[in-house]
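Asks: query30.txt (compact mmCIF, N, CA and C atoms) pasted underneath:
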```
# COMPACT_ATOMS: atom_id res chain seq x y z
N MET A 1 -2.34 21.90 9.85
CA MET A 1 -1.97 20.89 10.84
C MET A 1 -0.73 20.15 10.36
N GLN A 2 0.08 19.70 11.28
CA GLN A 2 1.31 18.99 10.97
C GLN A 2 1.02 17.54 10.62
N ALA A 3 1.78 17.00 9.66
CA ALA A 3 1.62 15.61 9.26
C ALA A 3 2.14 14.68 10.36
N HIS A 4 1.41 13.58 10.59
CA HIS A 4 1.83 12.57 11.56
C HIS A 4 1.84 11.22 10.87
N GLY A 5 2.89 10.45 11.17
CA GLY A 5 3.12 9.17 10.51
C GLY A 5 4.33 9.33 9.61
N SER A 6 4.81 8.23 9.08
CA SER A 6 5.94 8.33 8.15
C SER A 6 5.89 7.17 7.15
N PHE A 7 6.61 7.36 6.05
CA PHE A 7 6.66 6.34 5.02
C PHE A 7 7.92 6.50 4.19
N ASP A 8 8.30 5.40 3.56
CA ASP A 8 9.36 5.38 2.56
C ASP A 8 8.78 4.69 1.34
N LEU A 9 9.05 5.25 0.16
CA LEU A 9 8.58 4.67 -1.10
C LEU A 9 9.77 4.48 -2.03
N TRP A 10 9.80 3.36 -2.72
CA TRP A 10 10.77 3.17 -3.78
C TRP A 10 10.22 2.14 -4.76
N VAL A 11 10.70 2.21 -5.99
CA VAL A 11 10.24 1.30 -7.05
C VAL A 11 11.40 0.41 -7.47
N ASP A 12 11.11 -0.87 -7.61
CA ASP A 12 12.07 -1.84 -8.11
C ASP A 12 11.34 -2.65 -9.18
N ASN A 13 11.82 -2.57 -10.42
CA ASN A 13 11.12 -3.15 -11.56
C ASN A 13 9.72 -2.53 -11.63
N ARG A 14 8.70 -3.36 -11.58
CA ARG A 14 7.32 -2.86 -11.66
C ARG A 14 6.62 -3.02 -10.31
N VAL A 15 7.41 -2.89 -9.24
CA VAL A 15 6.88 -3.06 -7.89
C VAL A 15 7.16 -1.79 -7.08
N LEU A 16 6.10 -1.24 -6.50
CA LEU A 16 6.22 -0.13 -5.56
C LEU A 16 6.37 -0.73 -4.17
N LEU A 17 7.49 -0.45 -3.53
CA LEU A 17 7.72 -0.92 -2.16
C LEU A 17 7.45 0.23 -1.20
N VAL A 18 6.71 -0.07 -0.14
CA VAL A 18 6.25 0.97 0.78
C VAL A 18 6.46 0.51 2.22
N ARG A 19 7.15 1.33 3.00
CA ARG A 19 7.30 1.07 4.43
C ARG A 19 6.53 2.17 5.17
N ILE A 20 5.54 1.73 5.96
CA ILE A 20 4.65 2.66 6.66
C ILE A 20 4.87 2.50 8.16
N SER A 21 4.91 3.64 8.87
CA SER A 21 5.04 3.55 10.33
C SER A 21 4.31 4.72 10.99
N GLY A 22 4.02 4.53 12.25
CA GLY A 22 3.38 5.57 13.04
C GLY A 22 1.87 5.63 12.87
N ALA A 23 1.28 6.56 13.61
CA ALA A 23 -0.16 6.83 13.54
C ALA A 23 -0.36 7.96 12.53
N TRP A 24 -1.23 7.74 11.57
CA TRP A 24 -1.39 8.67 10.44
C TRP A 24 -2.56 9.61 10.63
N ASN A 25 -2.35 10.83 10.13
CA ASN A 25 -3.45 11.79 10.03
C ASN A 25 -3.68 12.12 8.56
N GLU A 26 -4.66 12.96 8.31
CA GLU A 26 -5.03 13.28 6.93
C GLU A 26 -3.87 13.92 6.16
N GLU A 27 -3.12 14.80 6.80
CA GLU A 27 -2.03 15.50 6.10
C GLU A 27 -0.96 14.52 5.62
N GLU A 28 -0.58 13.58 6.46
CA GLU A 28 0.44 12.60 6.07
C GLU A 28 -0.10 11.71 4.95
N THR A 29 -1.36 11.35 5.04
CA THR A 29 -1.96 10.48 4.02
C THR A 29 -2.03 11.20 2.68
N ARG A 30 -2.33 12.49 2.68
CA ARG A 30 -2.36 13.25 1.42
C ARG A 30 -0.95 13.37 0.82
N LEU A 31 0.05 13.58 1.67
CA LEU A 31 1.43 13.64 1.20
C LEU A 31 1.85 12.29 0.60
N TYR A 32 1.48 11.22 1.26
CA TYR A 32 1.74 9.85 0.78
C TYR A 32 1.09 9.64 -0.59
N PHE A 33 -0.16 10.05 -0.73
CA PHE A 33 -0.88 9.90 -1.99
C PHE A 33 -0.18 10.67 -3.11
N LYS A 34 0.21 11.89 -2.82
CA LYS A 34 0.91 12.72 -3.81
C LYS A 34 2.20 12.04 -4.27
N GLN A 35 2.95 11.50 -3.32
CA GLN A 35 4.21 10.86 -3.69
C GLN A 35 4.00 9.53 -4.40
N ILE A 36 2.93 8.81 -4.07
CA ILE A 36 2.61 7.59 -4.82
C ILE A 36 2.38 7.93 -6.29
N LYS A 37 1.60 8.96 -6.54
CA LYS A 37 1.32 9.36 -7.92
C LYS A 37 2.61 9.70 -8.66
N GLU A 38 3.51 10.42 -7.99
CA GLU A 38 4.76 10.82 -8.63
C GLU A 38 5.66 9.63 -8.91
N ILE A 39 5.88 8.78 -7.92
CA ILE A 39 6.85 7.71 -8.06
C ILE A 39 6.37 6.58 -8.98
N THR A 40 5.04 6.41 -9.09
CA THR A 40 4.53 5.34 -9.95
C THR A 40 4.30 5.79 -11.39
N SER A 41 4.46 7.07 -11.68
CA SER A 41 4.16 7.54 -13.04
C SER A 41 4.91 6.76 -14.13
N PRO A 42 6.15 6.30 -13.92
CA PRO A 42 6.82 5.53 -14.98
C PRO A 42 6.32 4.09 -15.13
N ILE A 43 5.56 3.57 -14.16
CA ILE A 43 5.18 2.15 -14.24
C ILE A 43 3.69 1.90 -14.43
N ILE A 44 2.87 2.94 -14.41
CA ILE A 44 1.42 2.71 -14.45
C ILE A 44 0.87 2.50 -15.86
N ASP A 45 1.76 2.44 -16.84
CA ASP A 45 1.30 2.17 -18.21
C ASP A 45 1.00 0.69 -18.43
N ARG A 46 1.45 -0.16 -17.51
CA ARG A 46 1.19 -1.61 -17.56
C ARG A 46 0.90 -2.07 -16.13
N PRO A 47 0.41 -3.31 -15.97
CA PRO A 47 0.14 -3.79 -14.61
C PRO A 47 1.39 -3.71 -13.72
N TRP A 48 1.17 -3.40 -12.44
CA TRP A 48 2.26 -3.28 -11.49
C TRP A 48 1.80 -3.83 -10.14
N ALA A 49 2.74 -3.94 -9.22
CA ALA A 49 2.45 -4.52 -7.91
C ALA A 49 2.94 -3.59 -6.81
N MET A 50 2.46 -3.86 -5.61
CA MET A 50 2.86 -3.09 -4.43
C MET A 50 3.23 -4.07 -3.32
N LEU A 51 4.31 -3.77 -2.62
CA LEU A 51 4.69 -4.52 -1.44
C LEU A 51 4.65 -3.56 -0.26
N LEU A 52 3.82 -3.87 0.72
CA LEU A 52 3.62 -3.00 1.88
C LEU A 52 4.23 -3.61 3.13
N TYR A 53 5.15 -2.89 3.74
CA TYR A 53 5.70 -3.26 5.04
C TYR A 53 4.87 -2.53 6.09
N LEU A 54 4.10 -3.26 6.89
CA LEU A 54 3.13 -2.62 7.78
C LEU A 54 3.38 -2.84 9.27
N ASN A 55 4.48 -3.47 9.65
CA ASN A 55 4.69 -3.77 11.07
C ASN A 55 4.79 -2.53 11.95
N GLY A 56 5.20 -1.41 11.41
CA GLY A 56 5.32 -0.20 12.22
C GLY A 56 4.10 0.70 12.18
N TRP A 57 3.07 0.29 11.44
CA TRP A 57 1.88 1.12 11.26
C TRP A 57 1.00 1.07 12.50
N GLU A 58 0.56 2.24 12.95
CA GLU A 58 -0.31 2.34 14.13
C GLU A 58 -1.70 2.84 13.76
N LEU A 59 -2.12 2.56 12.54
CA LEU A 59 -3.42 2.96 12.00
C LEU A 59 -3.51 4.48 11.87
N GLY A 60 -4.72 5.00 11.67
CA GLY A 60 -4.85 6.43 11.42
C GLY A 60 -6.19 6.98 11.84
N THR A 61 -6.35 8.27 11.61
CA THR A 61 -7.59 8.96 11.96
C THR A 61 -8.68 8.63 10.93
N PRO A 62 -9.93 8.91 11.25
CA PRO A 62 -11.01 8.72 10.27
C PRO A 62 -10.77 9.53 8.99
N GLU A 63 -10.20 10.72 9.13
CA GLU A 63 -9.91 11.55 7.94
C GLU A 63 -8.84 10.90 7.07
N ALA A 64 -7.85 10.29 7.72
CA ALA A 64 -6.81 9.57 6.97
C ALA A 64 -7.41 8.40 6.22
N GLU A 65 -8.37 7.73 6.83
CA GLU A 65 -9.02 6.59 6.18
C GLU A 65 -9.76 7.03 4.92
N LEU A 66 -10.40 8.18 4.95
CA LEU A 66 -11.09 8.67 3.75
C LEU A 66 -10.11 8.89 2.60
N VAL A 67 -8.94 9.45 2.90
CA VAL A 67 -7.93 9.65 1.86
C VAL A 67 -7.38 8.30 1.39
N THR A 68 -7.24 7.36 2.31
CA THR A 68 -6.78 6.02 1.94
C THR A 68 -7.74 5.39 0.94
N ARG A 69 -9.01 5.60 1.12
CA ARG A 69 -9.99 5.08 0.16
C ARG A 69 -9.79 5.72 -1.23
N GLU A 70 -9.44 7.00 -1.25
CA GLU A 70 -9.12 7.67 -2.52
C GLU A 70 -7.90 7.01 -3.17
N ILE A 71 -6.92 6.68 -2.36
CA ILE A 71 -5.71 6.03 -2.87
C ILE A 71 -6.07 4.67 -3.47
N VAL A 72 -6.88 3.90 -2.75
CA VAL A 72 -7.29 2.58 -3.25
C VAL A 72 -7.98 2.73 -4.60
N ASN A 73 -8.87 3.70 -4.72
CA ASN A 73 -9.55 3.92 -6.00
C ASN A 73 -8.56 4.31 -7.10
N TRP A 74 -7.62 5.18 -6.77
CA TRP A 74 -6.66 5.65 -7.77
C TRP A 74 -5.77 4.52 -8.26
N VAL A 75 -5.20 3.74 -7.33
CA VAL A 75 -4.30 2.66 -7.77
C VAL A 75 -5.06 1.60 -8.56
N SER A 76 -6.32 1.37 -8.21
CA SER A 76 -7.11 0.38 -8.95
C SER A 76 -7.41 0.86 -10.37
N GLN A 77 -7.48 2.17 -10.56
CA GLN A 77 -7.73 2.73 -11.89
C GLN A 77 -6.44 2.93 -12.69
N HIS A 78 -5.30 2.70 -12.04
CA HIS A 78 -4.01 2.94 -12.69
C HIS A 78 -3.12 1.71 -12.70
N GLY A 79 -3.72 0.53 -12.86
CA GLY A 79 -2.98 -0.68 -13.18
C GLY A 79 -2.47 -1.54 -12.05
N LEU A 80 -2.76 -1.20 -10.80
CA LEU A 80 -2.29 -2.06 -9.71
C LEU A 80 -2.94 -3.43 -9.84
N ALA A 81 -2.11 -4.49 -9.85
CA ALA A 81 -2.62 -5.85 -10.06
C ALA A 81 -2.45 -6.75 -8.84
N ARG A 82 -1.36 -6.56 -8.06
CA ARG A 82 -1.07 -7.41 -6.92
C ARG A 82 -0.58 -6.56 -5.75
N VAL A 83 -0.96 -7.00 -4.53
CA VAL A 83 -0.48 -6.34 -3.32
C VAL A 83 -0.02 -7.42 -2.35
N ALA A 84 1.24 -7.33 -1.94
CA ALA A 84 1.78 -8.19 -0.89
C ALA A 84 1.89 -7.35 0.38
N GLU A 85 1.27 -7.83 1.45
CA GLU A 85 1.26 -7.11 2.72
C GLU A 85 2.09 -7.89 3.72
N ILE A 86 3.09 -7.25 4.31
CA ILE A 86 3.94 -7.92 5.30
C ILE A 86 3.67 -7.30 6.67
N TYR A 87 3.18 -8.14 7.58
CA TYR A 87 3.01 -7.71 8.97
C TYR A 87 2.80 -8.92 9.85
N ASP A 88 3.24 -8.79 11.11
CA ASP A 88 3.03 -9.84 12.10
C ASP A 88 1.53 -9.97 12.35
N PRO A 89 1.09 -11.13 12.84
CA PRO A 89 -0.35 -11.29 13.11
C PRO A 89 -0.87 -10.13 13.96
N ASN A 90 -1.87 -9.45 13.44
CA ASN A 90 -2.43 -8.28 14.11
C ASN A 90 -3.86 -8.09 13.61
N ALA A 91 -4.81 -8.43 14.44
CA ALA A 91 -6.22 -8.38 14.04
C ALA A 91 -6.65 -6.96 13.67
N MET A 92 -6.14 -5.96 14.37
CA MET A 92 -6.55 -4.57 14.09
C MET A 92 -6.09 -4.14 12.70
N ILE A 93 -4.85 -4.46 12.34
CA ILE A 93 -4.35 -4.09 11.01
C ILE A 93 -5.14 -4.83 9.95
N LYS A 94 -5.36 -6.13 10.14
CA LYS A 94 -6.11 -6.90 9.15
C LYS A 94 -7.52 -6.34 8.97
N LEU A 95 -8.20 -6.06 10.06
CA LEU A 95 -9.55 -5.51 9.97
C LEU A 95 -9.57 -4.15 9.26
N GLU A 96 -8.61 -3.31 9.58
CA GLU A 96 -8.55 -1.99 8.94
C GLU A 96 -8.30 -2.10 7.44
N ILE A 97 -7.35 -2.95 7.06
CA ILE A 97 -7.06 -3.14 5.63
C ILE A 97 -8.30 -3.67 4.92
N ASP A 98 -8.90 -4.71 5.49
CA ASP A 98 -10.09 -5.30 4.86
C ASP A 98 -11.21 -4.28 4.72
N ARG A 99 -11.37 -3.42 5.71
CA ARG A 99 -12.44 -2.42 5.68
C ARG A 99 -12.17 -1.36 4.61
N VAL A 100 -10.92 -0.92 4.52
CA VAL A 100 -10.57 0.14 3.57
C VAL A 100 -10.63 -0.34 2.13
N VAL A 101 -10.23 -1.58 1.89
CA VAL A 101 -10.21 -2.06 0.50
C VAL A 101 -11.53 -2.71 0.09
N LYS A 102 -12.47 -2.81 1.01
CA LYS A 102 -13.78 -3.39 0.69
C LYS A 102 -14.38 -2.62 -0.49
N GLY A 103 -14.82 -3.37 -1.47
CA GLY A 103 -15.41 -2.74 -2.65
C GLY A 103 -14.40 -2.40 -3.73
N SER A 104 -13.11 -2.64 -3.47
CA SER A 104 -12.14 -2.39 -4.53
C SER A 104 -12.23 -3.52 -5.56
N PRO A 105 -11.74 -3.29 -6.76
CA PRO A 105 -11.87 -4.30 -7.82
C PRO A 105 -11.25 -5.64 -7.44
N ASP A 106 -11.93 -6.71 -7.83
CA ASP A 106 -11.45 -8.06 -7.53
C ASP A 106 -10.16 -8.40 -8.26
N GLU A 107 -9.86 -7.70 -9.35
CA GLU A 107 -8.66 -8.03 -10.11
C GLU A 107 -7.38 -7.65 -9.37
N ILE A 108 -7.49 -6.89 -8.29
CA ILE A 108 -6.32 -6.62 -7.45
C ILE A 108 -6.24 -7.74 -6.42
N GLU A 109 -5.29 -8.63 -6.64
CA GLU A 109 -5.13 -9.76 -5.72
C GLU A 109 -4.21 -9.35 -4.58
N ARG A 110 -4.65 -9.62 -3.36
CA ARG A 110 -3.88 -9.28 -2.17
C ARG A 110 -3.49 -10.54 -1.42
N CYS A 111 -2.28 -10.52 -0.85
CA CYS A 111 -1.83 -11.63 -0.02
C CYS A 111 -1.08 -11.08 1.19
N HIS A 112 -1.29 -11.70 2.33
CA HIS A 112 -0.61 -11.32 3.57
C HIS A 112 0.54 -12.30 3.82
N PHE A 113 1.67 -11.76 4.27
CA PHE A 113 2.85 -12.58 4.57
C PHE A 113 3.46 -12.13 5.89
N LEU A 114 4.12 -13.07 6.55
CA LEU A 114 4.84 -12.76 7.77
C LEU A 114 6.28 -12.36 7.46
N GLU A 115 6.82 -12.91 6.38
CA GLU A 115 8.23 -12.72 6.04
C GLU A 115 8.39 -12.09 4.66
N GLU A 116 9.37 -11.24 4.55
CA GLU A 116 9.68 -10.56 3.29
C GLU A 116 9.98 -11.55 2.16
N GLU A 117 10.73 -12.61 2.47
CA GLU A 117 11.11 -13.59 1.43
C GLU A 117 9.88 -14.24 0.81
N GLN A 118 8.88 -14.53 1.63
CA GLN A 118 7.64 -15.12 1.12
C GLN A 118 6.93 -14.14 0.18
N ALA A 119 6.91 -12.89 0.55
CA ALA A 119 6.25 -11.88 -0.27
C ALA A 119 6.98 -11.72 -1.60
N PHE A 120 8.31 -11.66 -1.56
CA PHE A 120 9.09 -11.56 -2.80
C PHE A 120 8.83 -12.76 -3.70
N ALA A 121 8.81 -13.96 -3.12
CA ALA A 121 8.58 -15.17 -3.91
C ALA A 121 7.20 -15.14 -4.56
N TRP A 122 6.18 -14.72 -3.80
CA TRP A 122 4.84 -14.66 -4.36
C TRP A 122 4.76 -13.64 -5.49
N LEU A 123 5.32 -12.46 -5.26
CA LEU A 123 5.30 -11.44 -6.31
C LEU A 123 6.00 -11.93 -7.56
N ALA A 124 7.14 -12.60 -7.41
CA ALA A 124 7.86 -13.15 -8.57
C ALA A 124 7.01 -14.17 -9.29
N SER A 125 6.30 -15.02 -8.54
CA SER A 125 5.44 -16.05 -9.16
C SER A 125 4.26 -15.42 -9.91
N GLN A 126 3.93 -14.19 -9.56
CA GLN A 126 2.83 -13.46 -10.21
C GLN A 126 3.31 -12.59 -11.36
N GLY A 127 4.62 -12.66 -11.65
CA GLY A 127 5.18 -11.89 -12.76
C GLY A 127 5.76 -10.54 -12.36
N PHE A 128 6.00 -10.36 -11.06
CA PHE A 128 6.52 -9.08 -10.56
C PHE A 128 7.77 -9.32 -9.70
N PRO A 129 8.89 -9.71 -10.32
CA PRO A 129 10.11 -9.94 -9.53
C PRO A 129 10.67 -8.64 -8.99
N VAL A 130 11.25 -8.74 -7.81
CA VAL A 130 11.90 -7.59 -7.17
C VAL A 130 13.37 -7.91 -7.07
```
Produce C-alpha cells that represent the structure in this file.

Replies:
Amino acid sequence: MQAHGSFDLWVDNRVLLVRISGAWNEEETRLYFKQIKEITSPIIDRPWAMLLYLNGWELGTPEAELVTREIVNWVSQHGLARVAEIYDPNAMIKLEIDRVVKGSPDEIERCHFLEEEQAFAWLASQGFPV
C-alpha cells in the first residue's frame, strides 16, 4: 500500500524538530519511525527534546496509531525528555495525542503551545535551546 501523510525531520542541537501534515496510514508512520531512529542516532546518548508542528496533521488510521505507540515507547527508552507541541486549539488533536501517549513515562514532560516562539522559549528554559 502507498504511504499517506507527510513529514519533515531535522535536528538542531539536541532537539528533533518535526513537521507533520496530512492523514496518516501505517506505511507513512513506519517510514516516519525509521527516519526518527536514523536522524536521532547522534543525540540519543543523552537527554533530548522534540518539537512537533501539528497544525497540518489530519490524524491517522487505527494501524498508524499502533505504530505511533511503538514510536512513543522507543523515544521514551532512548532519552526523550521534553516534547513541545505546536498547534491551534483543536480538541481532536489533543484527544488523540493524550490517548496515544497515555501510559508513557512521566519523565517525558509535554507542553502545548500556539506559537513557535513560546515553544522555543520553553525548550530553552528546559535546557534544550534551538

Asks: Can you pull out the residues contacting Ala3 of chain A? Cut-off 6.5 Å, using all atoms listed in the file, and skip same-chain residues under 5 positions away; I want them as a list in words.

Replies: Asn25, Glu27 and Glu28 of chain A

Asks: Pick out the residues sitting within 8 Å of Leu9 of chain A, and hand them over as number ranges by chain; count only N, CA and C atoms, and ignore anything fewer than 2 positions along from it in its own chain.

Replies: A: 6-7, 11-12, 16-20, 35-36, 39

Asks: Please measure the separation of atom CA of Glu107 of chain A and atom CA of Ala49 of chain A, giving the value in Å to one decimal.

Replies: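 If I compute the distance from atom CA of Glu107 of chain A to atom CA of Ala49 of chain A, I get 11.9 Å.
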
Asks: What residues in segment 9-102 of chain A get the DSSP label strand (DSSP E or B)? Please answer as a PyMOL selection string.

Replies: chain A and resi 9-12+15-24+48-60+80-86

Asks: Which neighbours of Pro42 of chain A fall inside 12 Å, counting only C-alpha atoms, when residues of the same chain fewer than 2 positions from it are skipped, and could you give them as a short mmCIF file (atom, residue, chain, number, x, y, z; two decimals) with N, CA and C atoms, in the coordinates of the input?

Replies:
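So the final result, stored in out_38.cif, reads:
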```cif
data_model
loop_
_atom_site.label_atom_id
_atom_site.label_comp_id
_atom_site.auth_asym_id
_atom_site.auth_seq_id
_atom_site.Cartn_x
_atom_site.Cartn_y
_atom_site.Cartn_z
N VAL A 11 10.70 2.21 -5.99
CA VAL A 11 10.24 1.30 -7.05
C VAL A 11 11.40 0.41 -7.47
N ASP A 12 11.11 -0.87 -7.61
CA ASP A 12 12.07 -1.84 -8.11
C ASP A 12 11.34 -2.65 -9.18
N ASN A 13 11.82 -2.57 -10.42
CA ASN A 13 11.12 -3.15 -11.56
C ASN A 13 9.72 -2.53 -11.63
N ARG A 14 8.70 -3.36 -11.58
CA ARG A 14 7.32 -2.86 -11.66
C ARG A 14 6.62 -3.02 -10.31
N VAL A 15 7.41 -2.89 -9.24
CA VAL A 15 6.88 -3.06 -7.89
C VAL A 15 7.16 -1.79 -7.08
N LEU A 16 6.10 -1.24 -6.50
CA LEU A 16 6.22 -0.13 -5.56
C LEU A 16 6.37 -0.73 -4.17
N ILE A 36 2.93 8.81 -4.07
CA ILE A 36 2.61 7.59 -4.82
C ILE A 36 2.38 7.93 -6.29
N LYS A 37 1.60 8.96 -6.54
CA LYS A 37 1.32 9.36 -7.92
C LYS A 37 2.61 9.70 -8.66
N GLU A 38 3.51 10.42 -7.99
CA GLU A 38 4.76 10.82 -8.63
C GLU A 38 5.66 9.63 -8.91
N ILE A 39 5.88 8.78 -7.92
CA ILE A 39 6.85 7.71 -8.06
C ILE A 39 6.37 6.58 -8.98
N THR A 40 5.04 6.41 -9.09
CA THR A 40 4.53 5.34 -9.95
C THR A 40 4.30 5.79 -11.39
N ILE A 44 2.87 2.94 -14.41
CA ILE A 44 1.42 2.71 -14.45
C ILE A 44 0.87 2.50 -15.86
N ASP A 45 1.76 2.44 -16.84
CA ASP A 45 1.30 2.17 -18.21
C ASP A 45 1.00 0.69 -18.43
N ARG A 46 1.45 -0.16 -17.51
CA ARG A 46 1.19 -1.61 -17.56
C ARG A 46 0.90 -2.07 -16.13
N PRO A 47 0.41 -3.31 -15.97
CA PRO A 47 0.14 -3.79 -14.61
C PRO A 47 1.39 -3.71 -13.72
N TRP A 48 1.17 -3.40 -12.44
CA TRP A 48 2.26 -3.28 -11.49
C TRP A 48 1.80 -3.83 -10.14
N HIS A 78 -5.30 2.70 -12.04
CA HIS A 78 -4.01 2.94 -12.69
C HIS A 78 -3.12 1.71 -12.70
N GLY A 79 -3.72 0.53 -12.86
CA GLY A 79 -2.98 -0.68 -13.18
C GLY A 79 -2.47 -1.54 -12.05
#
```

Asks: At what distance in Å, to one decimal, does atom N of Gly127 of chain A lie from atom CA of Tyr32 of chain A?

Replies: 25.9 Å

Asks: Atom N of Gly22 of chain A and atom C of Ala91 of chain A, how far apart in Å?

Replies: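 If I compute the distance from atom C of Ala91 of chain A to atom N of Gly22 of chain A, I get 15.7 Å.
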
Asks: Measuring between all atoms listed in the file, which one of A:Met50, A:Ile97, A:Ile86, A:Ala81 shows the shortest distance to Glu116 of chain A?

Replies: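 Of A:Met50, A:Ile97, A:Ile86, A:Ala81, the one nearest Glu116 of chain A is A:Ile86, counting all atoms listed in the file.
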